[in-house]
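Undergrad: Data file my_file08.cif (mmCIF, C-alpha atoms) is appended below.
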```
data_upload
loop_
_atom_site.label_atom_id
_atom_site.label_comp_id
_atom_site.auth_asym_id
_atom_site.auth_seq_id
_atom_site.Cartn_x
_atom_site.Cartn_y
_atom_site.Cartn_z
CA MET A 7 -2.33 -37.44 -42.17
CA SER A 8 0.19 -35.16 -40.46
CA ILE A 9 1.07 -35.89 -36.85
CA LEU A 10 0.32 -32.90 -34.61
CA LEU A 11 1.39 -34.38 -31.28
CA ARG A 12 3.72 -37.25 -30.44
CA ALA A 13 4.54 -38.50 -26.94
CA GLU A 14 6.97 -41.32 -26.20
CA GLY A 15 7.31 -42.71 -22.70
CA LEU A 16 5.87 -39.46 -21.43
CA VAL A 17 5.59 -39.07 -17.65
CA ALA A 18 4.10 -35.80 -16.46
CA GLY A 19 3.61 -34.19 -13.07
CA TRP A 20 3.63 -30.95 -11.10
CA GLN A 21 6.45 -31.65 -8.63
CA ARG A 22 6.81 -35.43 -8.96
CA PRO A 23 5.55 -38.03 -11.48
CA ALA A 24 1.74 -38.08 -11.58
CA THR A 25 1.06 -40.16 -14.69
CA PRO A 26 2.07 -43.56 -15.99
CA ALA A 27 4.48 -43.61 -18.94
CA LEU A 28 2.48 -42.98 -22.09
CA ASP A 29 2.98 -43.39 -25.82
CA LEU A 30 0.54 -41.28 -27.75
CA GLN A 31 0.10 -39.55 -31.03
CA VAL A 32 -2.65 -37.34 -32.41
CA ALA A 33 -2.91 -36.68 -36.12
CA ALA A 34 -4.77 -33.96 -37.95
CA GLY A 35 -8.41 -34.95 -38.37
CA GLU A 36 -8.30 -37.41 -35.48
CA ILE A 37 -10.28 -37.48 -32.24
CA VAL A 38 -8.48 -39.39 -29.50
CA GLY A 39 -10.03 -40.15 -26.12
CA LEU A 40 -8.26 -40.55 -22.79
CA ALA A 41 -10.09 -42.54 -20.14
CA GLY A 42 -9.15 -43.97 -16.78
CA PRO A 43 -9.94 -43.82 -13.07
CA ASN A 44 -9.72 -40.65 -10.98
CA GLY A 45 -6.20 -39.72 -9.94
CA VAL A 46 -4.44 -41.57 -12.74
CA GLY A 47 -3.19 -38.29 -14.21
CA LYS A 48 -5.40 -37.61 -17.24
CA THR A 49 -5.76 -33.91 -16.44
CA THR A 50 -2.05 -33.64 -15.58
CA LEU A 51 -1.23 -35.12 -18.96
CA LEU A 52 -3.30 -32.48 -20.77
CA ALA A 53 -1.69 -29.83 -18.57
CA ALA A 54 1.79 -31.03 -19.56
CA ILE A 55 0.91 -30.93 -23.26
CA ALA A 56 -0.37 -27.37 -22.75
CA GLY A 57 2.82 -26.40 -20.90
CA ARG A 58 1.18 -25.98 -17.49
CA ALA A 59 2.62 -29.12 -15.86
CA ARG A 60 6.14 -30.56 -16.18
CA VAL A 61 7.35 -33.30 -18.44
CA ILE A 62 9.22 -35.42 -15.89
CA SER A 63 10.60 -37.96 -18.34
CA GLY A 64 10.07 -39.20 -21.87
CA ARG A 65 9.57 -37.11 -24.96
CA LEU A 66 6.81 -34.76 -26.00
CA ALA A 67 6.80 -33.10 -29.42
CA ILE A 68 4.23 -30.76 -30.92
CA SER A 69 4.67 -30.01 -34.61
CA ALA A 70 5.97 -26.56 -35.44
CA GLY A 71 3.31 -23.96 -36.05
CA VAL A 72 0.53 -25.97 -34.40
CA ARG A 73 -1.74 -23.75 -32.32
CA LEU A 74 -3.23 -25.28 -29.18
CA ALA A 75 -6.55 -24.69 -27.47
CA LEU A 76 -7.18 -25.98 -23.95
CA GLN A 77 -10.46 -26.41 -22.10
CA THR A 78 -9.98 -27.12 -18.41
CA GLN A 79 -12.45 -28.21 -15.77
CA GLU A 80 -12.05 -24.84 -14.04
CA ALA A 81 -14.83 -22.57 -15.26
CA PRO A 82 -13.79 -19.02 -16.23
CA PRO A 83 -14.57 -16.75 -13.25
CA VAL A 84 -17.56 -14.85 -14.64
CA ASP A 85 -19.69 -14.48 -11.49
CA GLY A 86 -20.39 -10.79 -10.94
CA LEU A 87 -18.70 -9.85 -14.20
CA PRO A 88 -20.74 -7.87 -16.75
CA LEU A 89 -19.60 -9.89 -19.75
CA SER A 90 -21.89 -11.17 -22.49
CA GLY A 91 -21.49 -14.45 -24.34
CA ARG A 92 -20.77 -12.59 -27.57
CA GLU A 93 -17.94 -10.68 -25.86
CA LEU A 94 -16.51 -13.92 -24.44
CA LEU A 95 -16.34 -15.53 -27.88
CA ALA A 96 -14.78 -12.42 -29.40
CA LEU A 97 -12.01 -12.53 -26.76
CA THR A 98 -10.73 -15.94 -27.86
CA GLY A 99 -11.47 -15.34 -31.54
CA ALA A 100 -14.12 -18.09 -31.55
CA THR A 101 -16.63 -18.05 -34.36
CA THR A 102 -20.37 -18.17 -33.67
CA ASP A 103 -20.96 -20.31 -36.77
CA GLY A 104 -22.41 -23.64 -35.75
CA LEU A 105 -23.45 -22.52 -32.27
CA PRO A 106 -26.77 -24.17 -31.28
CA THR A 107 -29.82 -21.94 -31.63
CA TRP A 108 -30.59 -22.23 -27.90
CA LEU A 109 -27.30 -20.43 -27.28
CA VAL A 110 -27.38 -18.01 -30.21
CA GLU A 111 -30.49 -16.45 -28.64
CA ARG A 112 -28.63 -15.91 -25.38
CA LEU A 113 -25.39 -14.47 -26.77
CA GLY A 114 -26.31 -10.95 -25.70
CA SER A 115 -26.96 -11.98 -22.08
CA ARG A 116 -24.51 -11.75 -19.22
CA LEU A 117 -22.73 -15.04 -18.65
CA ASP A 118 -23.57 -15.08 -14.95
CA ARG A 119 -27.28 -14.90 -15.79
CA LEU A 120 -27.22 -18.05 -17.93
CA SER A 121 -27.90 -21.54 -16.61
CA GLY A 122 -24.90 -23.62 -15.56
CA GLY A 123 -25.19 -25.75 -18.71
CA GLN A 124 -25.48 -22.76 -21.05
CA ARG A 125 -22.54 -21.06 -19.38
CA HIS A 126 -20.42 -24.21 -19.54
CA TYR A 127 -21.19 -24.72 -23.22
CA LEU A 128 -20.32 -21.13 -24.11
CA ALA A 129 -17.06 -21.32 -22.16
CA LEU A 130 -16.31 -24.60 -23.96
CA TRP A 131 -17.28 -23.11 -27.31
CA ALA A 132 -14.92 -20.17 -26.73
CA VAL A 133 -12.09 -22.74 -26.71
CA LEU A 134 -13.46 -25.22 -29.21
CA ALA A 135 -14.26 -22.69 -31.93
CA ALA A 136 -11.12 -20.59 -31.44
CA PRO A 137 -8.40 -20.76 -34.09
CA ALA A 138 -6.30 -23.86 -33.24
CA GLU A 139 -5.05 -27.01 -34.91
CA LEU A 140 -4.84 -29.14 -31.75
CA VAL A 141 -7.71 -28.99 -29.26
CA LEU A 142 -7.34 -30.38 -25.73
CA LEU A 143 -10.58 -30.99 -23.83
CA ASP A 144 -10.98 -32.01 -20.19
CA GLU A 145 -14.38 -33.51 -19.33
CA PRO A 146 -16.27 -31.42 -21.90
CA THR A 147 -19.62 -33.15 -21.27
CA ASN A 148 -19.80 -32.05 -17.62
CA ASN A 149 -22.96 -30.02 -16.92
CA LEU A 150 -24.36 -30.62 -20.43
CA ASP A 151 -27.84 -31.98 -21.05
CA ALA A 152 -28.58 -34.53 -23.77
CA ALA A 153 -29.00 -31.85 -26.46
CA GLY A 154 -25.69 -30.30 -25.49
CA VAL A 155 -23.85 -33.63 -25.56
CA LEU A 156 -25.32 -34.43 -28.99
CA HIS A 157 -24.34 -31.04 -30.37
CA LEU A 158 -20.84 -31.31 -28.90
CA GLY A 159 -20.32 -34.68 -30.58
CA GLN A 160 -21.38 -33.28 -33.97
CA THR A 161 -19.17 -30.23 -33.51
CA LEU A 162 -16.10 -32.32 -32.61
CA ARG A 163 -16.58 -34.48 -35.70
CA GLN A 164 -16.94 -31.36 -37.89
CA ARG A 165 -13.85 -29.81 -36.30
CA ALA A 166 -11.86 -32.97 -36.96
CA ALA A 167 -13.18 -33.20 -40.52
CA ALA A 168 -11.90 -29.66 -41.04
CA GLY A 169 -8.39 -30.84 -40.08
CA ALA A 170 -8.08 -30.29 -36.33
CA GLY A 171 -6.69 -32.94 -33.99
CA ILE A 172 -8.62 -33.41 -30.76
CA LEU A 173 -7.45 -35.04 -27.54
CA MET A 174 -10.24 -35.45 -25.03
CA VAL A 175 -10.31 -36.63 -21.42
CA SER A 176 -13.68 -37.93 -20.30
CA HIS A 177 -15.39 -40.26 -17.85
CA ASP A 178 -18.32 -40.54 -20.25
CA ALA A 179 -17.53 -43.91 -21.88
CA GLU A 180 -20.58 -43.72 -24.13
CA PHE A 181 -19.58 -40.30 -25.45
CA LEU A 182 -15.98 -41.41 -26.03
CA ALA A 183 -17.15 -44.50 -27.90
CA ALA A 184 -19.51 -42.47 -30.08
CA THR A 185 -17.08 -39.66 -30.85
CA CYS A 186 -13.47 -40.87 -30.82
CA GLN A 187 -11.64 -42.90 -33.43
CA ARG A 188 -9.68 -44.50 -30.59
CA THR A 189 -9.53 -44.23 -26.84
CA LEU A 190 -6.52 -44.80 -24.59
CA LEU A 191 -7.21 -46.19 -21.16
CA LEU A 192 -4.79 -44.91 -18.54
CA GLU A 193 -4.21 -47.16 -15.58
CA ALA A 194 -1.98 -46.61 -12.59
CA SER A 195 0.81 -48.78 -13.93
CA ASP A 196 0.53 -48.53 -17.68
CA VAL A 197 -1.51 -47.60 -20.70
CA VAL A 198 -3.84 -50.15 -22.28
CA MET B 19 -11.46 35.33 -14.14
CA TRP B 20 -14.41 32.92 -14.17
CA PHE B 21 -12.42 30.62 -16.50
CA GLU B 22 -9.46 30.51 -14.17
CA LEU B 23 -11.56 30.11 -11.05
CA PHE B 24 -13.97 27.37 -12.06
CA LEU B 25 -13.63 26.10 -15.61
CA VAL B 26 -10.05 24.81 -15.33
CA PRO B 27 -10.70 22.94 -12.04
CA PHE B 28 -14.00 21.61 -13.44
CA LEU B 29 -12.36 20.28 -16.60
CA THR B 30 -9.49 18.78 -14.61
CA GLY B 31 -11.91 16.86 -12.42
CA LEU B 32 -14.17 15.97 -15.36
CA LEU B 33 -11.33 14.24 -17.19
CA LEU B 34 -10.57 12.24 -14.06
CA ALA B 35 -14.27 11.44 -13.60
CA ILE B 36 -14.18 9.89 -17.09
CA VAL B 37 -10.97 7.91 -16.81
CA LEU B 38 -10.98 6.79 -13.14
CA PRO B 39 -14.16 4.67 -13.36
CA LEU B 40 -12.78 2.98 -16.48
CA LEU B 41 -9.59 2.17 -14.62
CA GLY B 42 -11.75 1.06 -11.67
CA CYS B 43 -13.57 -1.48 -13.87
CA TYR B 44 -10.30 -3.13 -14.88
CA LEU B 45 -9.01 -3.07 -11.29
CA ARG B 46 -12.27 -4.69 -10.20
CA LEU B 47 -11.91 -7.26 -12.97
CA ARG B 48 -8.55 -8.20 -11.44
CA ASP B 49 -9.91 -8.08 -7.84
CA GLU B 50 -7.53 -5.20 -7.21
CA TRP B 51 -9.84 -2.34 -6.22
CA LEU B 52 -7.79 -1.83 -3.04
CA ALA B 53 -5.02 -0.62 -5.35
CA ALA B 54 -6.74 2.77 -5.47
CA LEU B 55 -6.16 3.41 -1.80
CA ALA B 56 -2.67 1.92 -1.91
CA TYR B 57 -1.36 4.00 -4.81
CA ALA B 58 -3.10 7.13 -3.56
CA HIS B 59 -1.35 6.86 -0.18
CA VAL B 60 2.00 6.03 -1.78
CA ALA B 61 1.57 9.00 -4.13
CA ALA B 62 0.84 11.27 -1.16
CA ALA B 63 3.96 10.03 0.63
CA GLY B 64 6.00 10.48 -2.57
CA ALA B 65 4.71 14.01 -3.10
CA LEU B 66 5.61 14.99 0.45
CA THR B 67 9.03 13.36 0.18
CA GLY B 68 9.55 15.23 -3.09
CA LEU B 69 8.68 18.51 -1.40
CA VAL B 70 11.09 17.85 1.45
CA VAL B 71 14.01 16.97 -0.83
CA GLY B 72 13.32 19.82 -3.27
CA LEU B 73 11.54 17.96 -6.08
CA PRO B 74 8.18 19.06 -7.51
CA PRO B 75 5.51 17.20 -5.45
CA VAL B 76 3.76 15.94 -8.61
CA ALA B 77 6.98 14.34 -9.82
CA GLY B 78 7.65 12.82 -6.37
CA GLY B 79 4.11 11.42 -6.17
CA MET B 80 4.12 9.92 -9.64
CA LEU B 81 7.62 8.48 -9.22
CA ALA B 82 6.76 6.84 -5.89
CA ALA B 83 3.53 5.35 -7.25
CA ALA B 84 5.25 4.11 -10.42
CA LEU B 85 8.00 2.47 -8.35
CA ALA B 86 5.37 0.83 -6.14
CA GLY B 87 3.42 -0.37 -9.20
CA ALA B 88 6.47 -1.89 -10.84
CA GLY B 89 7.99 -3.16 -7.59
CA LYS B 90 4.98 -5.04 -6.30
CA ARG B 91 5.28 -7.51 -9.19
CA PHE B 92 8.64 -8.71 -7.87
CA ALA B 93 7.05 -9.64 -4.54
CA ALA B 94 3.82 -10.97 -6.07
CA ASN B 95 4.35 -14.56 -4.90
CA ARG B 96 4.94 -13.61 -1.27
CA LEU B 97 2.25 -10.91 -1.19
CA ALA B 98 -0.70 -12.58 -2.90
CA GLY B 99 -4.37 -11.92 -2.14
CA GLY B 100 -4.18 -8.13 -2.02
CA ALA B 101 -1.56 -8.11 0.78
CA SER B 102 0.76 -5.96 -1.33
CA TYR B 103 -1.87 -3.22 -1.59
CA ALA B 104 -2.65 -3.29 2.12
CA LEU B 105 1.07 -3.02 2.96
CA LEU B 106 1.62 -0.24 0.40
CA MET B 107 -1.33 1.69 1.82
CA LEU B 108 -0.06 1.40 5.38
CA ALA B 109 3.48 2.33 4.38
CA GLY B 110 2.32 5.31 2.33
CA TRP B 111 0.06 6.58 5.08
CA SER B 112 2.77 6.20 7.74
CA VAL B 113 5.43 8.02 5.74
CA ALA B 114 2.99 10.81 4.79
CA VAL B 115 1.81 11.38 8.37
CA LEU B 116 5.35 11.25 9.78
CA LEU B 117 6.60 13.78 7.20
CA ALA B 118 3.62 16.05 7.86
CA ALA B 119 4.26 15.86 11.61
CA ASN B 120 7.94 16.76 11.31
CA GLN B 121 8.14 19.15 8.35
CA PRO B 122 6.11 22.38 8.46
CA LEU B 123 6.16 22.63 4.66
CA ALA B 124 4.82 19.13 4.29
CA GLU B 125 1.98 19.62 6.75
CA ARG B 126 -0.04 21.95 4.49
CA LEU B 127 0.50 19.84 1.41
CA ALA B 128 -0.49 16.68 3.29
CA GLN B 129 -3.76 18.31 4.33
CA ALA B 130 -4.43 19.31 0.73
CA LEU B 131 -3.58 15.85 -0.59
CA PHE B 132 -5.85 14.01 1.79
CA ASP B 133 -8.74 16.50 1.53
CA GLY B 134 -8.35 17.31 -2.16
CA GLN B 135 -7.44 20.60 -3.79
CA LEU B 136 -9.42 20.50 -7.02
CA TYR B 137 -10.50 24.18 -6.85
CA PHE B 138 -6.82 25.17 -6.91
CA ALA B 139 -6.06 23.26 -10.12
CA ASP B 140 -4.33 25.49 -12.68
CA GLY B 141 -3.71 25.26 -16.41
CA ARG B 142 -0.52 23.26 -15.89
CA GLN B 143 -2.32 20.67 -13.84
CA LEU B 144 -5.12 20.50 -16.41
CA ALA B 145 -2.57 19.87 -19.16
CA LEU B 146 -0.93 17.14 -17.08
CA VAL B 147 -4.27 15.46 -16.35
CA ALA B 148 -5.32 15.77 -20.00
CA GLY B 149 -2.11 14.08 -21.11
CA GLY B 150 -2.51 11.36 -18.49
CA THR B 151 -6.14 10.81 -19.46
CA LEU B 152 -5.32 10.51 -23.14
CA LEU B 153 -2.51 8.06 -22.40
CA ALA B 154 -4.77 6.04 -20.10
CA LEU B 155 -7.65 5.90 -22.58
CA CYS B 156 -5.37 4.74 -25.39
CA SER B 157 -3.61 2.21 -23.14
CA LEU B 158 -6.83 0.79 -21.71
CA ARG B 159 -8.27 0.42 -25.20
CA ALA B 160 -5.16 -1.45 -26.29
CA LEU B 161 -4.97 -3.61 -23.15
CA SER B 162 -8.69 -4.27 -22.66
CA GLY B 163 -9.00 -7.58 -24.53
CA ARG B 164 -5.79 -8.94 -23.05
CA LEU B 165 -6.77 -7.97 -19.51
CA LEU B 166 -10.11 -9.75 -19.90
CA LEU B 167 -8.43 -12.76 -21.48
CA ALA B 168 -5.79 -12.90 -18.73
CA ARG B 169 -8.62 -13.10 -16.19
CA LEU B 170 -10.80 -15.65 -18.01
CA TYR B 171 -8.39 -17.82 -19.99
CA PRO B 172 -4.88 -17.19 -18.58
CA ASP B 173 -3.59 -20.37 -20.29
CA LEU B 174 -4.24 -18.87 -23.70
CA PHE B 175 -1.19 -16.62 -23.40
CA ARG B 176 1.12 -19.59 -22.89
CA LEU B 177 -0.63 -21.64 -25.58
CA ARG B 178 -0.28 -18.85 -28.11
CA GLY B 179 3.25 -17.98 -27.05
CA LEU B 180 2.25 -14.49 -25.94
CA PRO B 181 4.02 -12.99 -22.90
CA LEU B 182 1.64 -11.98 -20.13
CA TRP B 183 4.03 -9.91 -18.04
CA PRO B 184 4.09 -6.80 -20.31
CA VAL B 185 0.29 -6.61 -20.03
CA GLN B 186 0.38 -6.90 -16.25
CA LEU B 187 3.33 -4.59 -15.74
CA GLY B 188 1.94 -2.05 -18.20
CA PHE B 189 -1.40 -2.00 -16.42
CA ASP B 190 0.20 -1.75 -12.96
CA LEU B 191 2.30 1.22 -14.08
CA LEU B 192 -0.66 2.90 -15.74
CA ALA B 193 -2.81 2.46 -12.63
CA ALA B 194 -0.08 3.76 -10.34
CA VAL B 195 0.70 6.88 -12.38
CA LEU B 196 -2.93 7.74 -13.06
CA LEU B 197 -3.89 7.32 -9.43
CA ALA B 198 -0.97 9.51 -8.36
CA LEU B 199 -2.12 12.18 -10.79
CA ALA B 200 -5.70 11.94 -9.55
CA THR B 201 -4.65 12.08 -5.90
CA MET B 202 -2.78 15.36 -6.53
CA SER B 203 -5.97 16.91 -7.91
CA LEU B 204 -8.89 15.29 -6.11
CA GLY B 205 -7.39 13.97 -2.90
CA VAL B 206 -7.18 10.41 -1.64
CA MET B 207 -10.80 9.61 -0.82
CA ALA B 208 -12.46 11.41 -3.74
CA THR B 209 -10.15 9.49 -6.07
CA PHE B 210 -11.08 6.25 -4.35
CA ALA B 211 -14.79 7.09 -4.50
CA LEU B 212 -14.68 7.72 -8.28
CA LEU B 213 -12.70 4.56 -8.82
CA PHE B 214 -14.80 2.29 -6.63
CA VAL B 215 -18.50 3.23 -6.55
CA SER B 216 -19.58 3.54 -10.17
CA PRO B 217 -17.55 0.48 -11.34
CA TRP B 218 -19.16 -1.48 -8.51
CA LEU B 219 -22.60 -0.37 -9.77
CA ALA B 220 -21.59 -1.10 -13.35
CA PHE B 221 -20.60 -4.65 -12.44
CA ARG B 222 -24.01 -5.16 -10.84
CA ARG B 223 -26.08 -3.49 -13.54
CA GLY B 224 -24.14 -3.74 -16.81
CA ARG B 225 -25.61 -6.01 -19.51
CA SER B 226 -22.21 -6.47 -21.11
CA TRP B 227 -18.64 -5.26 -20.64
CA ARG B 228 -19.14 -2.34 -23.00
CA HIS B 229 -22.44 -1.42 -21.36
CA GLY B 230 -20.82 -1.72 -17.94
CA LEU B 231 -18.03 0.68 -18.89
CA LEU B 232 -20.62 3.16 -20.13
CA TRP B 233 -22.58 2.83 -16.88
CA ALA B 234 -19.44 3.41 -14.84
CA VAL B 235 -18.46 6.58 -16.72
CA LEU B 236 -21.99 8.03 -16.80
CA GLY B 237 -22.52 7.46 -13.09
CA ALA B 238 -19.17 9.01 -12.18
CA VAL B 239 -19.59 12.03 -14.48
CA LEU B 240 -23.10 12.73 -13.17
CA ALA B 241 -22.02 12.45 -9.54
CA TYR B 242 -18.92 14.54 -10.19
CA SER B 243 -20.81 17.33 -11.96
CA GLY B 244 -23.45 17.39 -9.24
CA ALA B 245 -20.84 17.43 -6.47
CA PHE B 246 -18.82 20.20 -8.12
CA ALA B 247 -21.86 22.46 -8.33
CA LEU B 248 -23.25 21.51 -4.92
CA ALA B 249 -19.97 21.99 -3.08
CA LEU B 250 -19.67 25.48 -4.55
CA LEU B 251 -23.30 26.30 -3.82
CA ILE B 252 -23.21 25.27 -0.17
CA ASP B 253 -19.56 26.28 0.28
CA GLN B 254 -18.34 22.87 1.44
CA PRO B 255 -15.20 20.88 0.62
CA PHE B 256 -15.56 19.06 -2.71
CA GLY B 257 -14.17 15.60 -1.76
CA PRO B 258 -16.67 14.66 0.96
CA VAL B 259 -19.60 16.03 -1.09
CA LEU B 260 -18.57 13.86 -4.05
CA ALA B 261 -18.08 10.79 -1.87
CA LEU B 262 -21.50 11.27 -0.26
CA LEU B 263 -23.24 11.71 -3.62
CA LEU B 264 -21.58 8.56 -4.94
CA VAL B 265 -22.60 6.62 -1.82
CA LEU B 266 -26.21 7.79 -2.32
CA LEU B 267 -26.02 6.80 -5.98
CA GLY B 268 -24.66 3.42 -4.97
CA VAL B 269 -27.38 2.78 -2.39
CA ALA B 270 -30.12 3.93 -4.79
CA PHE B 271 -29.08 1.84 -7.80
CA ALA B 272 -27.34 -1.22 -6.32
#
```
Mind converting the file's structure to structure tokens?
TA:
Amino acid sequence: MSILLRAEGLVAGWQRPATPALDLQVAAGEIVGLAGPNGVGKTTLLAAIAGRARVISGRLAISAGVRLALQTQEAPPVDGLPLSGRELLALTGATTDGLPTWLVERLGSRLDRLSGGQRHYLALWAVLAAPAELVLLDEPTNNLDAAGVLHLGQTLRQRAAAGAGILMVSHDAEFLAATCQRTLLLEASDVV
Amino acid sequence: MWFELFLVPFLTGLLLAIVLPLLGCYLRLRDEWLAALAYAHVAAAGALTGLVVGLPPVAGGMLAAALAGAGKRFAANRLAGGASYALLMLAGWSVAVLLAANQPLAERLAQALFDGQLYFADGRQLALVAGGTLLALCSLRALSGRLLLARLYPDLFRLRGLPLWPVQLGFDLLAAVLLALATMSLGVMATFALLFVSPWLAFRRGRSWRHGLLWAVLGAVLAYSGAFALALLIDQPFGPVLALLLVLLGVAFA
């Protein structure tokens, strides 16, 4: 299995260190979870890997040619915007193959006229199904009902089976246990 | 005779009634609808300055608006939240009024710029607007996906190693130059009305982005055609008639 992402003693932050030092690697076909209490720096870590936050110390390497996709907890600002789900997916190059039927039927509707869960899943799908080898997800199960969580788990496993590496931050311990091959627990002082 | 009197001005305005609402949709997407008033005032000040220093007013207006469009990016961090547009509008208005008050030549042109002078558009102006419209339509088509993406998933540019600044600078320049061109033909407030009202309706009523763009253009073209005919029929200035029709359209369909 080829390594897509390798971090050694990585400390990330915006202005000053906001995460404990972390050793991490994600290989193609692997789903890795990141858990830990609020404020420990899980989101900052994803942001540093995506190039939004700073690498304060340590080493971070992403294999050459690896394309990244990032889902953040900030929802795309679609309120008041006449944009359909189909148009949103086309923007990121996401395929509609594998989309649940309860969303396929709503692809022609404006995003701001969908329920919060439907909108969240489409915004997540626009990232998840876009062309990328390494997918970074931040609390993807937020706002999803049981059917959505189940479908997301299946989709992540299919995506990994197709060769993508997935690094996922979540507070949903049950979902992490059911979906990830391994989960790193971030604590204020170290990584367990 | 009839061609020169009415057809050339009508076609000049019609092209602007097609392209301005499209531009307005993208400005609205970026929460920058105030840009219309800002660039229009800067263009007016530039045109008057051009006249005073011996340049063609159209060149002065477009140059000033283009400089403002490119320049505001350098002060983007200090002038966030639309402040740059408010300051540009105030500066443009002040310079225009001061020039009009102190230069007899500038006074007449200032009146025409703020009220609109569509019925005096000639073949040269039509050619200029046609060129600008064609450039704007091609540019907006090329930039559309990236402008939407920059609004919804700004991180994607960094993740894919694509530079965002050429998209933003290109759009700012396009908006500035097109609005300057429109201000020279339609006047400040008629330009603003075409750029604001039908995109606003389109954002409320559109089923999708494509449908919204269609709504915006149809609404603006209908209001423009009606206003052109009505203003001639009742012998009233075109700009206020257009603005009133668009306001009625907005109230009726919002």
Undergrad: Using all atoms listed in the file, can you tell me which of A:Met174, A:Val17, A:Leu117, A:Ala53 comes closest to Leu87 of chain A?
TA: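 Of all the options, A:Leu117 lies closest to Leu87 of chain A.
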Undergrad: For each of B:Leu41, B:Ala194, B:Leu32, B:Leu136, take the minimum atom-to-atom distance to Gly87 of chain B, counting all atoms listed in the file, then give the residue where this is smallest.
TA: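 Selected residue with least distance to Gly87 of chain B: B:Ala194.
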Undergrad: Find the distance between atom CA of Phe221 of chain B and atom CA of Cys156 of chain B and write it in Å to one decimal.
TA: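 The value is 22.1 Å.
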Undergrad: Residues of chain B near chain A: apply a cut-off of 8 Å, count all atoms listed in the file, and supply the list as a compact mmCIF listing (two decimals) with C-alpha atoms, in the frame of the given file.
TA:
```txt
# COMPACT_ATOMS: atom_id res chain seq x y z
CA LEU B 47 -11.91 -7.26 -12.97
CA GLY B 163 -9.00 -7.58 -24.53
CA LEU B 166 -10.11 -9.75 -19.90
CA LEU B 167 -8.43 -12.76 -21.48
CA ARG B 169 -8.62 -13.10 -16.19
CA LEU B 170 -10.80 -15.65 -18.01
CA TYR B 171 -8.39 -17.82 -19.99
CA ASP B 173 -3.59 -20.37 -20.29
CA LEU B 174 -4.24 -18.87 -23.70
CA ARG B 176 1.12 -19.59 -22.89
CA LEU B 177 -0.63 -21.64 -25.58
CA ARG B 178 -0.28 -18.85 -28.11
CA ALA B 220 -21.59 -1.10 -13.35
CA PHE B 221 -20.60 -4.65 -12.44
CA ARG B 222 -24.01 -5.16 -10.84
CA ARG B 223 -26.08 -3.49 -13.54
CA GLY B 224 -24.14 -3.74 -16.81
CA ARG B 225 -25.61 -6.01 -19.51
CA SER B 226 -22.21 -6.47 -21.11
CA TRP B 227 -18.64 -5.26 -20.64
CA GLY B 230 -20.82 -1.72 -17.94
```
Undergrad: So which residues touch segment 255-272 of chain B within 7 Å, counting all atoms listed in the file, skipping near sequence neighbours fewer than 6 positions away, as a ChimeraX atom specification?
TA: /B:133-134,204,207-208,211,215,219,222,241-242,245-246,249
Undergrad: Work out how far apart atom CA of Leu142 of chain A and atom CA of Gly171 of chain A are and give it in Å to one decimal.
TA: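 Computed distance, atom CA of Leu142 of chain A to atom CA of Gly171 of chain A, equals 8.7 Å.
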Undergrad: Written as a count of residues only, what is the full residue list that the PyMOL selection byres ((chain A and resi 47) around 10) yields on the file shown?
TA: 21
Undergrad: Pick the closest to Ala238 of chain B from B:Pro74, B:Gly31, B:Gly68, B:Gly100: which is it, counting all atoms listed in the file?
TA: B:Gly31
Undergrad: Please indicate the distance in Å from atom CA of Ala109 of chain B to atom CA of Ala83 of chain B, rounded to one decimal place.
TA: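 Separation between atom CA of Ala109 of chain B and atom CA of Ala83 of chain B: 12.0 Å.
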Undergrad: Calculate, to one decimal in Å, the centre and edge lengths of the box along x, y and z of the file that holds all listed atoms of segment 50-63 of chain B with 5 Å of margin on each side, and present them as lines of an AutoDock Vina configuration file.
TA:
```
center_x = -2.9
center_y = 3.0
center_z = -3.3
size_x = 23.8
size_y = 26.5
size_z = 17.8
```
Undergrad: Leaving out Ala130 of chain B and any residue of its chain fewer than 3 positions from it, which residues lie within 10 Å of it when counting only C-alpha atoms, given as a PyMOL selection string?
TA: chain B and resi 62+124-127+133-136+138+201-206
Undergrad: Name every residue that the PyMOL selection byres ((chain B and resi 76) around 12) selects in this structure, writing the answer as an MDAnalysis selection string with chains first and numbers rising.
TA: chainID B and resid 61:69 72:75 77:83 127 131 142:143 146:147 195:203
